[in-house]
file model_17.cif (mmCIF, C-alpha atoms)
data_work
#
loop_
_atom_site.label_atom_id
_atom_site.label_comp_id
_atom_site.auth_asym_id
_atom_site.auth_seq_id
_atom_site.Cartn_x
_atom_site.Cartn_y
_atom_site.Cartn_z
CA MET A 1430 34.37 -71.81 -22.05
CA ALA A 1431 32.14 -71.93 -25.09
CA PHE A 1432 29.23 -74.35 -25.23
CA GLU A 1433 27.47 -75.90 -28.18
CA ASN A 1434 24.58 -78.25 -27.51
CA LYS A 1435 25.04 -81.53 -29.36
CA GLY A 1436 22.36 -83.42 -27.48
CA SER A 1437 20.03 -85.58 -29.57
CA VAL A 1438 16.63 -84.28 -28.45
CA ASP A 1439 13.54 -83.89 -30.62
CA LEU A 1440 13.17 -80.19 -31.40
CA ASP A 1441 9.42 -80.46 -30.85
CA SER A 1442 9.69 -82.18 -27.48
CA LYS A 1443 8.95 -80.60 -24.13
CA VAL A 1444 12.51 -81.40 -23.04
CA HIS A 1445 13.94 -79.29 -25.87
CA GLY A 1446 11.96 -76.31 -24.61
CA ILE A 1447 13.25 -76.88 -21.08
CA ARG A 1448 16.83 -77.02 -22.38
CA SER A 1449 16.45 -73.81 -24.38
CA GLU A 1450 15.13 -71.93 -21.35
CA ALA A 1451 17.95 -73.32 -19.22
CA ILE A 1452 20.76 -72.09 -21.48
CA GLU A 1453 19.18 -68.64 -21.49
CA ARG A 1454 19.21 -68.62 -17.69
CA PHE A 1455 22.83 -69.75 -17.57
CA GLU A 1456 23.93 -67.13 -20.09
CA GLN A 1457 22.19 -64.52 -17.96
CA ASN A 1458 23.59 -65.64 -14.58
CA GLY A 1459 26.94 -67.24 -15.49
CA PHE A 1460 29.02 -69.23 -13.02
CA PRO A 1461 28.38 -68.44 -9.34
CA THR A 1462 30.93 -66.30 -7.50
CA ARG A 1463 31.67 -65.64 -3.85
CA LYS A 1464 29.50 -62.55 -4.11
CA ASP A 1465 26.54 -64.92 -4.18
CA GLU A 1466 25.44 -65.65 -0.61
CA GLU A 1467 25.07 -69.39 -1.29
CA TRP A 1468 28.67 -69.53 -2.59
CA LYS A 1469 30.25 -67.21 -0.04
CA TYR A 1470 32.80 -69.77 1.18
CA THR A 1471 33.39 -71.74 -2.04
CA SER A 1472 35.27 -70.27 -5.00
CA LEU A 1473 35.14 -71.86 -8.45
CA ASN A 1474 37.85 -69.61 -9.89
CA SER A 1475 40.44 -72.39 -9.97
CA LEU A 1476 38.02 -74.59 -11.92
CA ILE A 1477 36.49 -72.34 -14.56
CA LYS A 1478 39.86 -71.11 -15.84
CA ASN A 1479 40.46 -74.50 -17.48
CA ASP A 1480 39.70 -75.12 -21.16
CA TYR A 1481 37.41 -78.11 -20.78
CA SER A 1482 36.32 -80.48 -23.48
CA VAL A 1483 32.55 -80.63 -22.99
CA PHE A 1484 31.77 -83.28 -25.62
CA PRO A 1485 34.82 -85.57 -25.74
CA GLU A 1486 35.52 -87.14 -29.11
CA ASN A 1487 38.17 -89.68 -28.07
CA GLU A 1488 36.76 -93.06 -27.09
CA THR A 1489 38.70 -95.22 -24.67
CA THR A 1490 38.02 -98.88 -23.93
CA VAL A 1491 37.91 -99.83 -20.26
CA GLU A 1492 38.15 -103.45 -19.15
CA LEU A 1493 36.36 -104.81 -16.10
CA LYS A 1494 39.67 -105.65 -14.42
CA ASP A 1495 40.61 -101.95 -14.54
CA VAL A 1496 37.54 -100.80 -12.60
CA LYS A 1497 36.25 -103.85 -10.72
CA LYS A 1498 37.52 -102.55 -7.37
CA PHE A 1499 35.11 -99.60 -7.58
CA PHE A 1500 32.05 -101.86 -7.87
CA LEU A 1501 30.25 -103.46 -4.98
CA HIS A 1502 31.16 -106.81 -6.50
CA GLU A 1503 30.32 -108.73 -3.32
CA ILE A 1504 26.58 -108.49 -4.04
CA GLU A 1505 24.23 -108.97 -6.97
CA SER A 1506 23.04 -105.70 -8.44
CA TYR A 1507 21.85 -103.88 -11.51
CA LYS A 1508 24.69 -101.84 -13.00
CA ILE A 1509 24.72 -98.74 -15.17
CA VAL A 1510 28.23 -97.66 -16.19
CA PHE A 1511 29.41 -94.64 -18.14
CA ILE A 1512 32.88 -94.09 -19.60
CA ASP A 1513 33.67 -90.40 -20.20
CA GLY A 1514 29.93 -89.73 -20.20
CA VAL A 1515 29.14 -92.52 -22.70
CA TYR A 1516 27.10 -95.56 -21.72
CA SER A 1517 29.07 -98.83 -21.55
CA SER A 1518 26.83 -101.79 -22.37
CA PHE A 1519 29.78 -104.13 -21.79
CA LEU A 1520 30.12 -103.15 -18.11
CA SER A 1521 26.42 -102.62 -17.45
CA ASP A 1522 23.60 -104.93 -16.42
CA THR A 1523 20.19 -103.25 -16.75
CA THR A 1524 16.61 -104.49 -16.88
CA HIS A 1525 13.10 -103.76 -18.11
CA GLU A 1526 11.59 -106.67 -16.21
CA GLY A 1527 9.36 -105.36 -13.44
CA ALA A 1528 11.07 -101.95 -13.56
CA ASP A 1529 12.81 -99.72 -16.08
CA ILE A 1530 16.52 -99.22 -15.43
CA CYS A 1531 18.21 -97.76 -18.49
CA ILE A 1532 19.94 -94.68 -19.86
CA LEU A 1533 18.19 -91.32 -20.09
CA SER A 1534 18.96 -90.73 -23.79
CA SER A 1535 17.15 -93.96 -24.64
CA ALA A 1536 14.14 -93.05 -22.50
CA LEU A 1537 13.91 -89.62 -24.14
CA LYS A 1538 13.49 -91.25 -27.55
CA GLN A 1539 10.91 -93.90 -26.66
CA PRO A 1540 7.21 -92.95 -26.86
CA LYS A 1541 6.29 -95.30 -24.00
CA TYR A 1542 8.28 -93.12 -21.59
CA GLN A 1543 7.10 -89.78 -22.98
CA MET A 1544 4.38 -89.27 -20.36
CA VAL A 1545 6.80 -89.97 -17.51
CA ILE A 1546 9.50 -87.71 -18.98
CA ASP A 1547 7.07 -84.85 -19.63
CA HIS A 1548 5.59 -85.12 -16.14
CA TYR A 1549 8.84 -85.23 -14.18
CA PHE A 1550 11.90 -84.03 -16.13
CA GLY A 1551 13.07 -80.62 -14.93
CA THR A 1552 10.14 -80.06 -12.58
CA VAL A 1553 11.88 -80.23 -9.19
CA ALA A 1554 15.40 -79.18 -10.23
CA SER A 1555 16.19 -75.60 -9.29
CA LYS A 1556 15.62 -73.00 -11.99
CA SER A 1557 17.52 -70.33 -10.09
CA ASP A 1558 20.82 -72.22 -9.75
CA SER A 1559 23.00 -71.48 -12.77
CA LEU A 1560 24.98 -74.73 -12.65
CA THR A 1561 21.78 -76.76 -12.60
CA SER A 1562 20.66 -74.75 -15.62
CA LEU A 1563 23.97 -75.51 -17.33
CA ASN A 1564 23.43 -79.22 -16.77
CA THR A 1565 19.83 -79.04 -17.99
CA ALA A 1566 20.98 -77.38 -21.19
CA PHE A 1567 23.97 -79.56 -22.02
CA SER A 1568 23.62 -82.90 -20.25
CA ASN A 1569 23.93 -85.62 -22.84
CA GLU A 1570 23.50 -88.81 -20.84
CA GLY A 1571 22.55 -90.25 -17.48
CA VAL A 1572 20.35 -92.75 -15.69
CA PHE A 1573 16.61 -93.28 -16.04
CA VAL A 1574 15.01 -95.35 -13.29
CA ASN A 1575 11.24 -95.86 -13.34
CA ILE A 1576 9.92 -98.16 -10.62
CA PRO A 1577 6.20 -98.94 -11.05
CA LYS A 1578 3.85 -99.14 -8.08
CA ASN A 1579 4.01 -102.06 -5.65
CA THR A 1580 7.53 -103.06 -6.70
CA VAL A 1581 10.45 -103.86 -4.42
CA LEU A 1582 13.63 -104.21 -6.44
CA PRO A 1583 15.33 -107.48 -5.46
CA LYS A 1584 18.81 -105.97 -5.65
CA PRO A 1585 20.42 -102.50 -5.51
CA ILE A 1586 21.30 -100.33 -8.50
CA GLN A 1587 24.94 -99.36 -8.97
CA VAL A 1588 25.60 -96.22 -11.02
CA LEU A 1589 29.25 -95.60 -11.86
CA TYR A 1590 30.77 -92.80 -13.91
CA PHE A 1591 34.40 -93.29 -14.96
CA SER A 1592 36.68 -90.68 -16.50
CA THR A 1593 39.59 -92.18 -18.45
CA GLY A 1594 41.64 -89.02 -18.91
CA SER A 1595 41.57 -89.34 -22.69
CA GLU A 1596 41.11 -85.57 -22.69
CA LYS A 1597 43.53 -83.30 -20.84
CA GLU A 1598 40.66 -81.38 -19.26
CA ILE A 1599 37.09 -82.65 -19.41
CA MET A 1600 33.73 -81.46 -18.08
CA LEU A 1601 31.06 -84.12 -17.57
CA GLN A 1602 27.39 -83.31 -16.97
CA PRO A 1603 25.39 -86.43 -16.13
CA ARG A 1604 21.64 -86.12 -15.67
CA ASN A 1605 19.66 -88.69 -13.68
CA LEU A 1606 15.89 -89.10 -13.37
CA ILE A 1607 14.58 -91.50 -10.71
CA VAL A 1608 10.86 -92.12 -10.27
CA VAL A 1609 9.71 -94.46 -7.49
CA GLY A 1610 6.06 -95.50 -7.66
CA GLU A 1611 3.56 -96.05 -4.85
CA ASN A 1612 4.56 -98.66 -2.26
CA SER A 1613 7.86 -99.32 -4.08
CA HIS A 1614 11.40 -99.58 -2.74
CA VAL A 1615 14.79 -98.95 -4.36
CA GLN A 1616 18.42 -98.75 -3.20
CA ILE A 1617 20.97 -96.85 -5.30
CA TYR A 1618 24.77 -96.64 -4.99
CA GLU A 1619 26.47 -93.89 -7.00
CA ARG A 1620 30.14 -93.17 -7.61
CA HIS A 1621 32.15 -90.87 -9.90
CA GLN A 1622 35.77 -91.95 -10.41
CA SER A 1623 38.77 -90.71 -12.43
CA LEU A 1624 41.22 -93.31 -13.67
CA ASN A 1625 44.20 -90.94 -13.99
CA ASP A 1626 45.30 -87.47 -12.88
CA ASN A 1627 43.97 -85.41 -15.79
CA VAL A 1628 41.63 -82.57 -14.81
CA VAL A 1629 37.93 -83.49 -14.48
CA LEU A 1630 34.98 -81.31 -13.51
CA THR A 1631 31.66 -83.11 -13.00
CA ASN A 1632 28.46 -81.07 -12.85
CA ALA A 1633 25.75 -83.63 -12.02
CA VAL A 1634 22.01 -83.24 -11.54
CA THR A 1635 19.70 -85.91 -10.11
CA GLU A 1636 15.93 -85.60 -9.73
CA ILE A 1637 14.21 -88.10 -7.41
CA PHE A 1638 10.43 -88.46 -7.15
CA ALA A 1639 8.95 -90.63 -4.42
CA ALA A 1640 5.23 -91.40 -4.69
CA LYS A 1641 2.95 -92.34 -1.79
CA ARG A 1642 4.53 -94.80 0.66
CA ALA A 1643 7.61 -95.16 -1.56
CA ILE A 1644 11.05 -95.80 -0.05
CA ALA A 1645 14.28 -94.67 -1.74
CA GLU A 1646 17.78 -95.05 -0.31
CA VAL A 1647 20.63 -93.28 -2.11
CA TYR A 1648 24.30 -93.66 -1.24
CA LYS A 1649 26.95 -91.42 -2.82
CA ILE A 1650 30.68 -92.16 -2.51
CA GLN A 1651 32.93 -89.24 -3.40
CA ASN A 1652 36.53 -90.45 -3.22
CA ASP A 1653 38.08 -89.10 -6.40
CA ARG A 1654 41.61 -87.95 -7.18
CA LYS A 1655 42.84 -84.51 -6.13
CA THR A 1656 42.75 -83.29 -9.76
CA SER A 1657 39.00 -83.95 -9.96
CA SER A 1658 36.20 -81.70 -8.74
CA MET A 1659 32.49 -82.26 -8.45
CA ILE A 1660 29.32 -80.24 -8.16
CA ASP A 1661 26.50 -82.61 -7.25
CA ASN A 1662 22.94 -81.28 -7.36
CA THR A 1663 20.23 -83.59 -6.03
CA PHE A 1664 16.57 -82.59 -5.86
CA VAL A 1665 13.93 -84.72 -4.14
CA GLN A 1666 10.15 -84.46 -4.24
CA GLN A 1667 8.13 -86.62 -1.84
CA LYS A 1668 4.46 -87.53 -1.60
CA ASP A 1669 2.42 -88.81 1.38
CA SER A 1670 4.11 -91.29 3.76
CA SER A 1671 7.21 -91.68 1.60
CA ILE A 1672 10.71 -92.14 3.04
CA VAL A 1673 13.80 -90.90 1.19
CA SER A 1674 17.35 -91.12 2.54
CA VAL A 1675 20.41 -89.58 0.89
CA ASN A 1676 23.78 -90.52 2.39
CA THR A 1677 26.89 -88.71 1.14
CA PHE A 1678 30.47 -89.81 1.89
CA SER A 1679 33.05 -87.22 0.80
CA PHE A 1680 36.61 -88.54 1.06
CA GLY A 1681 38.38 -87.18 -2.03
CA GLY A 1682 38.53 -84.69 -4.85
CA LYS A 1683 39.87 -81.16 -5.13
CA ILE A 1684 36.60 -79.26 -4.67
CA THR A 1685 33.33 -81.00 -3.82
CA ARG A 1686 30.05 -79.13 -3.62
CA ASN A 1687 26.87 -81.01 -2.68
CA ASN A 1688 23.54 -79.23 -3.16
CA LEU A 1689 20.72 -81.33 -1.72
CA GLU A 1690 17.09 -80.20 -1.68
CA PHE A 1691 14.01 -81.98 -0.33
CA HIS A 1692 10.50 -80.76 -1.09
CA HIS A 1693 7.54 -82.19 0.84
CA GLU A 1694 4.33 -82.43 -1.18
CA GLY A 1695 2.25 -84.46 1.25
CA GLU A 1696 1.80 -85.55 4.87
CA HIS A 1697 3.61 -88.09 7.06
CA ILE A 1698 6.79 -87.77 5.00
CA THR A 1699 10.24 -88.70 6.34
CA SER A 1700 13.46 -87.27 4.90
CA ASN A 1701 16.92 -88.43 6.03
CA LEU A 1702 20.09 -86.54 5.10
CA ASN A 1703 23.38 -87.97 6.35
CA GLY A 1704 26.99 -87.29 5.48
CA ILE A 1705 30.62 -87.85 6.41
CA SER A 1706 33.52 -85.72 5.15
CA VAL A 1707 37.13 -86.75 5.78
CA ILE A 1708 39.63 -84.70 3.80
CA SER A 1709 43.20 -83.39 4.00
CA GLY A 1710 45.75 -81.26 2.15
CA LYS A 1711 43.98 -78.36 0.45
CA GLN A 1712 40.81 -80.26 -0.33
CA HIS A 1713 37.46 -78.52 0.05
CA VAL A 1714 33.99 -79.98 0.75
CA ASP A 1715 30.83 -77.84 0.80
CA ASN A 1716 27.50 -79.37 1.86
CA HIS A 1717 24.44 -77.21 1.18
CA THR A 1718 21.08 -78.69 2.18
CA LEU A 1719 17.47 -77.54 2.10
CA VAL A 1720 14.40 -79.29 3.50
CA HIS A 1721 11.12 -77.53 2.71
CA HIS A 1722 8.26 -78.69 4.94
CA LYS A 1723 5.07 -77.68 3.14
CA GLN A 1724 2.43 -79.83 4.86
CA GLU A 1725 1.82 -81.10 8.36
CA ASN A 1726 2.93 -84.23 10.22
CA CYS A 1727 6.29 -84.63 8.45
CA GLU A 1728 9.81 -85.34 9.69
CA SER A 1729 13.34 -84.55 8.57
CA HIS A 1730 16.53 -85.83 10.19
CA GLU A 1731 19.87 -84.36 9.19
CA LEU A 1732 23.29 -85.44 10.50
CA TYR A 1733 26.63 -84.43 8.98
CA LYS A 1734 30.06 -85.24 10.44
CA GLY A 1735 33.31 -83.66 9.25
CA ILE A 1736 36.99 -84.40 9.93
CA PHE A 1737 39.39 -81.90 8.42
CA HIS A 1738 43.15 -82.49 8.36
CA GLU A 1739 46.05 -80.15 7.45
CA ALA A 1740 44.87 -77.12 5.41
CA SER A 1741 41.57 -78.60 4.22
CA THR A 1742 38.38 -76.56 4.45
CA GLY A 1743 34.74 -77.42 4.91
CA VAL A 1744 31.40 -75.68 4.56
CA PHE A 1745 28.02 -76.71 5.91
CA ASN A 1746 24.91 -74.66 5.24
CA GLY A 1747 21.73 -76.47 6.23
CA LYS A 1748 18.37 -74.76 5.87
CA VAL A 1749 15.00 -76.03 7.07
CA ILE A 1750 11.88 -74.13 6.02
CA VAL A 1751 8.58 -74.86 7.76
CA ASN A 1752 5.53 -73.35 6.09
CA LYS A 1753 2.60 -71.98 8.08
CA GLU A 1754 0.51 -74.98 7.04
CA ALA A 1755 3.16 -77.49 8.17
CA GLN A 1756 1.99 -78.00 11.75
CA LYS A 1757 3.24 -80.99 13.77
CA THR A 1758 6.59 -80.87 11.93
CA ASN A 1759 9.56 -82.64 13.53
CA ALA A 1760 12.84 -81.34 12.09
CA PHE A 1761 16.28 -82.24 13.45
CA GLN A 1762 19.57 -80.91 12.11
CA GLN A 1763 23.09 -81.41 13.46
CA ASN A 1764 26.57 -80.72 12.07
CA ASP A 1765 29.62 -81.87 14.08
CA ASN A 1766 33.22 -81.23 13.05
CA ILE A 1767 36.73 -82.06 14.22
CA LEU A 1768 39.73 -80.02 13.09
CA ILE A 1769 43.10 -81.79 13.05
CA GLY A 1770 45.81 -79.16 13.05
CA ASP A 1771 45.85 -75.37 13.18
CA LYS A 1772 45.28 -74.71 9.46
CA ALA A 1773 42.08 -76.72 8.92
CA SER A 1774 38.82 -74.75 9.02
CA ILE A 1775 35.06 -75.15 8.72
CA ASN A 1776 32.32 -72.59 8.08
CA THR A 1777 29.02 -73.93 9.39
CA LYS A 1778 25.60 -72.33 9.34
CA PRO A 1779 22.53 -74.33 10.38
CA GLN A 1780 19.30 -72.41 9.67
CA LEU A 1781 15.65 -72.73 10.64
CA GLU A 1782 12.88 -70.65 9.08
CA ILE A 1783 9.70 -71.55 10.96
CA PHE A 1784 6.30 -70.05 10.14
CA ALA A 1785 4.21 -72.64 12.02
CA ASP A 1786 3.63 -72.56 15.80
CA ASP A 1787 3.09 -76.26 16.65
CA VAL A 1788 6.40 -77.81 15.68
CA LYS A 1789 9.40 -79.57 17.16
CA CYS A 1790 12.56 -78.27 15.50
CA SER A 1791 16.17 -78.23 16.61
CA HIS A 1792 19.51 -77.43 15.03
CA GLY A 1793 23.08 -77.19 16.16
CA CYS A 1794 26.73 -77.41 15.23
CA THR A 1795 29.97 -78.22 17.02
CA ILE A 1796 33.58 -77.52 16.07
CA GLY A 1797 36.43 -78.90 18.13
CA GLN A 1798 39.50 -81.08 18.37
CA LEU A 1799 40.18 -84.50 19.83
CA ASP A 1800 39.68 -84.76 23.58
CA ASP A 1801 43.17 -84.89 25.13
CA LYS A 1802 41.85 -86.53 28.30
CA ALA A 1803 40.12 -89.31 26.37
CA LEU A 1804 43.24 -89.79 24.25
CA PHE A 1805 45.41 -90.03 27.38
CA TYR A 1806 42.99 -92.53 28.95
CA MET A 1807 43.20 -94.82 25.89
CA GLN A 1808 47.01 -94.60 25.87
CA SER A 1809 47.07 -95.45 29.58
CA ARG A 1810 45.23 -98.65 28.69
CA GLY A 1811 47.98 -99.69 26.25
CA ILE A 1812 46.58 -98.33 22.99
CA PRO A 1813 49.27 -96.49 20.94
CA GLU A 1814 48.58 -92.82 20.21
CA LYS A 1815 48.09 -93.31 16.46
CA GLU A 1816 45.56 -96.11 16.93
CA ALA A 1817 43.84 -94.23 19.76
CA LYS A 1818 43.31 -91.18 17.53
CA GLY A 1819 42.01 -93.34 14.69
CA LEU A 1820 39.55 -95.18 16.92
CA MET A 1821 38.27 -91.94 18.41
CA LEU A 1822 37.74 -90.44 14.96
CA PHE A 1823 35.98 -93.57 13.72
CA ALA A 1824 33.70 -93.54 16.77
CA PHE A 1825 32.90 -89.92 15.91
CA CYS A 1826 31.73 -91.02 12.42
CA ASN A 1827 30.09 -94.28 13.41
CA GLU A 1828 26.65 -92.80 14.08
CA VAL A 1829 26.38 -92.10 10.34
CA VAL A 1830 28.01 -95.40 9.30
CA GLU A 1831 25.37 -97.32 11.24
CA LYS A 1832 22.65 -95.83 9.04
CA ILE A 1833 23.93 -97.72 5.96
CA ARG A 1834 21.45 -100.49 5.11
CA ILE A 1835 23.51 -102.33 2.46
CA PRO A 1836 25.98 -104.57 4.35
CA ALA A 1837 28.55 -104.73 1.51
CA LEU A 1838 28.51 -100.95 1.23
CA LYS A 1839 28.83 -100.56 4.98
CA SER A 1840 31.98 -102.71 4.89
CA ARG A 1841 33.31 -100.61 1.99
CA ILE A 1842 32.75 -97.37 3.89
CA ILE A 1843 34.45 -98.77 7.00
CA LYS A 1844 37.44 -99.76 4.86
CA LEU A 1845 37.64 -96.30 3.27
CA LEU A 1846 37.41 -94.66 6.68
CA ALA A 1847 40.20 -96.88 7.96
CA GLU A 1848 42.39 -95.78 5.03
CA LYS A 1849 41.58 -92.11 5.53
CA LEU A 1850 42.12 -92.28 9.30
CA ASP A 1851 45.21 -94.49 8.92
CA VAL A 1852 44.03 -97.09 11.40
CA GLU A 1853 43.16 -100.79 11.35
CA LEU A 1854 39.51 -101.52 11.98
CA ASP A 1855 37.65 -104.80 12.48
CA MET A 1856 35.63 -105.26 9.28
CA ASP A 1857 33.05 -107.32 11.17
CA MET A 1858 32.14 -104.44 13.46
#

call {"tool": "encode", "arguments": {"input": "model_17.cif", "output": "structure tokens"}}
result
Amino acid sequence: MAFENKGSVDLDSKVHGIRSEAIERFEQNGFPTRKDEEWKYTSLNSLIKNDYSVFPENETTVELKDVKKFFLHEIESYKIVFIDGVYSSFLSDTTHEGADICILSSALKQPKYQMVIDHYFGTVASKSDSLTSLNTAFSNEGVFVNIPKNTVLPKPIQVLYFSTGSEKEIMLQPRNLIVVGENSHVQIYERHQSLNDNVVLTNAVTEIFAAKRAIAEVYKIQNDRKTSSMIDNTFVQQKDSSIVSVNTFSFGGKITRNNLEFHHEGEHITSNLNGISVISGKQHVDNHTLVHHKQENCESHELYKGIFHEASTGVFNGKVIVNKEAQKTNAFQQNDNILIGDKASINTKPQLEIFADDVKCSHGCTIGQLDDKALFYMQSRGIPEKEAKGLMLFAFCNEVVEKIRIPALKSRIIKLLAEKLDVELDMDM
């Protein structure tokens, strides 16, 4: 694939310099291969052979009725919607009252945001990851959220990216910058969705900055078609006493790779990383996480559940680094998986790198199948085998479901799980 940057960025701006350095890094490193340790179990060969349109020229109109089912329409919210990477003002509902919720390209051009952009853009995103560098160089649009201090948003933010299939093969590279000020609170729901079966590759980068005592909750639903693939890179920087939770629900797509990094830049920080993967066929989900404890008295809690049907494959690589200065750290990490059938597989590798001596850290992983004795017990009580399996699998996931703090989203996730597990569930549970 050949790339030509058509982004509208001031040549004298700091961002332009960051982009120029990024394309040089990508040209030097290229796409990752399985020779790279971090990509040992995930191959991109089937994706990079396509001739993607990077800057689509065909514009397609999308009506609300065509996409309404993908919104959390049961609740009031701010909405930022993109169609083939282009902002849709018709489907969006943004604000500058009390907080700035708008598109990144607009923020890059406005002097009043220049200080924020210069201070945060590209500062926590990895400079060693080639796909992050590719996004930094060629991202054309995304979300800019700037929550000032002492602000609690009255309603969540919905961010939706739709691909219409106007191009036979398209590569989208959204870039999101989220800054949460001191004592502020925000909830964000994000979804990427194809509207037909044309090939889509999304290479997304999100940077989240949480100031002192800030709270940020992020929910990602990945339930795309089997012709769509996604590489989602999320980087989080936290200051003193902040709480950031990222919850990822991977139910669809051909290849899904989630890179999630947390960097602690203060004390009494809490980081929560939760995920559920339920896939089938030849689908592939790879969750790579990193929590870097740099100062003392901080916590991280990590829980990922996976259910793999048929010939699907999963990867979990979770790394926790505890610096020498990070005494009194409490780090928990757990990855549990169920394989349905003989062809499904999971490669899991929880890691701890501890350089402090006064810490409480634990990690673990489990891989197994449904308990035949429990299944027999449920059948002996009159529950049919199909329903018994579905209920057992839902119970396996429920520990993560219960962490969802937006009721409408919780109901949506339960409904999606019911569809994936082919079982009827009480939506009031």

call {"tool": "residues_around", "arguments": {"input": "model_17.cif", "residues": "range 1776-1789 of chain A", "least_positions_apart": "5", "cutoff": "9 Å", "atoms": "all atoms listed in the file", "output": "ChimeraX atom specification"}}
result
/A:1470,1742-1764,1794-1796

call {"tool": "resolve_selection", "arguments": {"input": "model_17.cif", "expression": "the PyMOL selection byres ((chain A and resi 1506) around 7)", "output": "JSON, numbers by chain"}}
result
{"A": [1504, 1505, 1507, 1508, 1584, 1585, 1586, 1587]}

call {"tool": "closest_atom_pairs", "arguments": {"input": "model_17.cif", "of": "range 1662-1694 of chain A", "to": "range 1620-1639 of chain A", "cutoff": "8 Å", "atoms": "only C-alpha atoms", "output": "CSV"}}
result
residue,atom,partner,partner_atom,distance
A:Asn1662,CA,A:Val1634,CA,4.7
A:Thr1663,CA,A:Thr1635,CA,4.7
A:Phe1664,CA,A:Glu1636,CA,4.9
A:Val1665,CA,A:Ile1637,CA,4.7
A:Gln1666,CA,A:Phe1638,CA,5.0
A:Gln1667,CA,A:Ala1639,CA,4.8
A:Lys1668,CA,A:Ala1639,CA,6.1
A:Ser1671,CA,A:Ala1639,CA,6.4
A:Ile1672,CA,A:Ala1639,CA,7.8
A:Val1673,CA,A:Ala1639,CA,7.4

call {"tool": "resolve_selection", "arguments": {"input": "model_17.cif", "expression": "the PyMOL selection byres ((chain A and resi 1610) around 12)", "output": "NGL selection string"}}
result
:A and (1527-1529 or 1545 or 1574-1582 or 1607-1609 or 1611-1615 or 1637-1645 or 1667-1669 or 1671)

call {"tool": "write_last_selection", "arguments": {"input": "model_17.cif", "atoms": "C-alpha atoms", "output": "tab-separated table (two decimals), keeping the file's coordinate frame"}}
result
chain	number	residue	atom	x	y	z
A	1527	GLY	CA	9.36	-105.36	-13.44
A	1528	ALA	CA	11.07	-101.95	-13.56
A	1529	ASP	CA	12.81	-99.72	-16.08
A	1545	VAL	CA	6.80	-89.97	-17.51
A	1574	VAL	CA	15.01	-95.35	-13.29
A	1575	ASN	CA	11.24	-95.86	-13.34
A	1576	ILE	CA	9.92	-98.16	-10.62
A	1577	PRO	CA	6.20	-98.94	-11.05
A	1578	LYS	CA	3.85	-99.14	-8.08
A	1579	ASN	CA	4.01	-102.06	-5.65
A	1580	THR	CA	7.53	-103.06	-6.70
A	1581	VAL	CA	10.45	-103.86	-4.42
A	1582	LEU	CA	13.63	-104.21	-6.44
A	1607	ILE	CA	14.58	-91.50	-10.71
A	1608	VAL	CA	10.86	-92.12	-10.27
A	1609	VAL	CA	9.71	-94.46	-7.49
A	1611	GLU	CA	3.56	-96.05	-4.85
A	1612	ASN	CA	4.56	-98.66	-2.26
A	1613	SER	CA	7.86	-99.32	-4.08
A	1614	HIS	CA	11.40	-99.58	-2.74
A	1615	VAL	CA	14.79	-98.95	-4.36
A	1637	ILE	CA	14.21	-88.10	-7.41
A	1638	PHE	CA	10.43	-88.46	-7.15
A	1639	ALA	CA	8.95	-90.63	-4.42
A	1640	ALA	CA	5.23	-91.40	-4.69
A	1641	LYS	CA	2.95	-92.34	-1.79
A	1642	ARG	CA	4.53	-94.80	0.66
A	1643	ALA	CA	7.61	-95.16	-1.56
A	1644	ILE	CA	11.05	-95.80	-0.05
A	1645	ALA	CA	14.28	-94.67	-1.74
A	1667	GLN	CA	8.13	-86.62	-1.84
A	1668	LYS	CA	4.46	-87.53	-1.60
A	1669	ASP	CA	2.42	-88.81	1.38
A	1671	SER	CA	7.21	-91.68	1.60

call {"tool": "residues_around", "arguments": {"input": "model_17.cif", "residues": "Pro1461 in chain A", "least_positions_apart": "5", "cutoff": "12 Å", "atoms": "only C-alpha atoms", "output": "PyMOL selection string"}}
result
chain A and resi 1455-1456+1466-1474+1476-1477+1557-1563+1660

call {"tool": "atom_distance", "arguments": {"input": "model_17.cif", "atom1": "CA of Ser1449 in chain A", "atom2": "CA of Ser1535 in chain A"}}
result
20.2 Å

call {"tool": "residues_around", "arguments": {"input": "model_17.cif", "residues": "Ser1700 in chain A", "least_positions_apart": "5", "cutoff": "9 Å", "atoms": "all atoms listed in the file", "output": "ChimeraX atom specification"}}
result
/A:1667,1671-1675,1691,1693,1720,1727-1731

call {"tool": "closest_residue", "arguments": {"input": "model_17.cif", "among": "A:Thr1677, A:Asn1827, A:Gln1798, A:Asn1688", "to": "Ile1843 in chain A", "atoms": "all atoms listed in the file"}}
result
A:Asn1827

call {"tool": "closest_residue", "arguments": {"input": "model_17.cif", "among": "A:Ser1595, A:Thr1462, A:Ser1741, A:Thr1565", "to": "Thr1490 in chain A", "atoms": "all atoms listed in the file"}}
result
A:Ser1595

call {"tool": "closest_residue", "arguments": {"input": "model_17.cif", "among": "A:Glu1596, A:Glu1450, A:Glu1486, A:Glu1619", "to": "Phe1499 in chain A", "atoms": "only C-alpha atoms"}}
result
A:Glu1619

call {"tool": "atom_distance", "arguments": {"input": "model_17.cif", "atom1": "CA of Arg1463 in chain A", "atom2": "CA of Leu1601 in chain A"}}
result
23.0 Å

call {"tool": "axis_aligned_box", "arguments": {"input": "model_17.cif", "around": "range 1643-1660 of chain A", "padding_each_side": "8 Å", "output": "JSON"}}
result
{"center_x": 25.2, "center_y": -88.0, "center_z": -5.0, "size_x": 51.2, "size_y": 31.6, "size_z": 25.9}

call {"tool": "atom_distance", "arguments": {"input": "model_17.cif", "atom1": "CA of Cys1531 in chain A", "atom2": "CA of Ile1509 in chain A"}}
result
7.4 Å
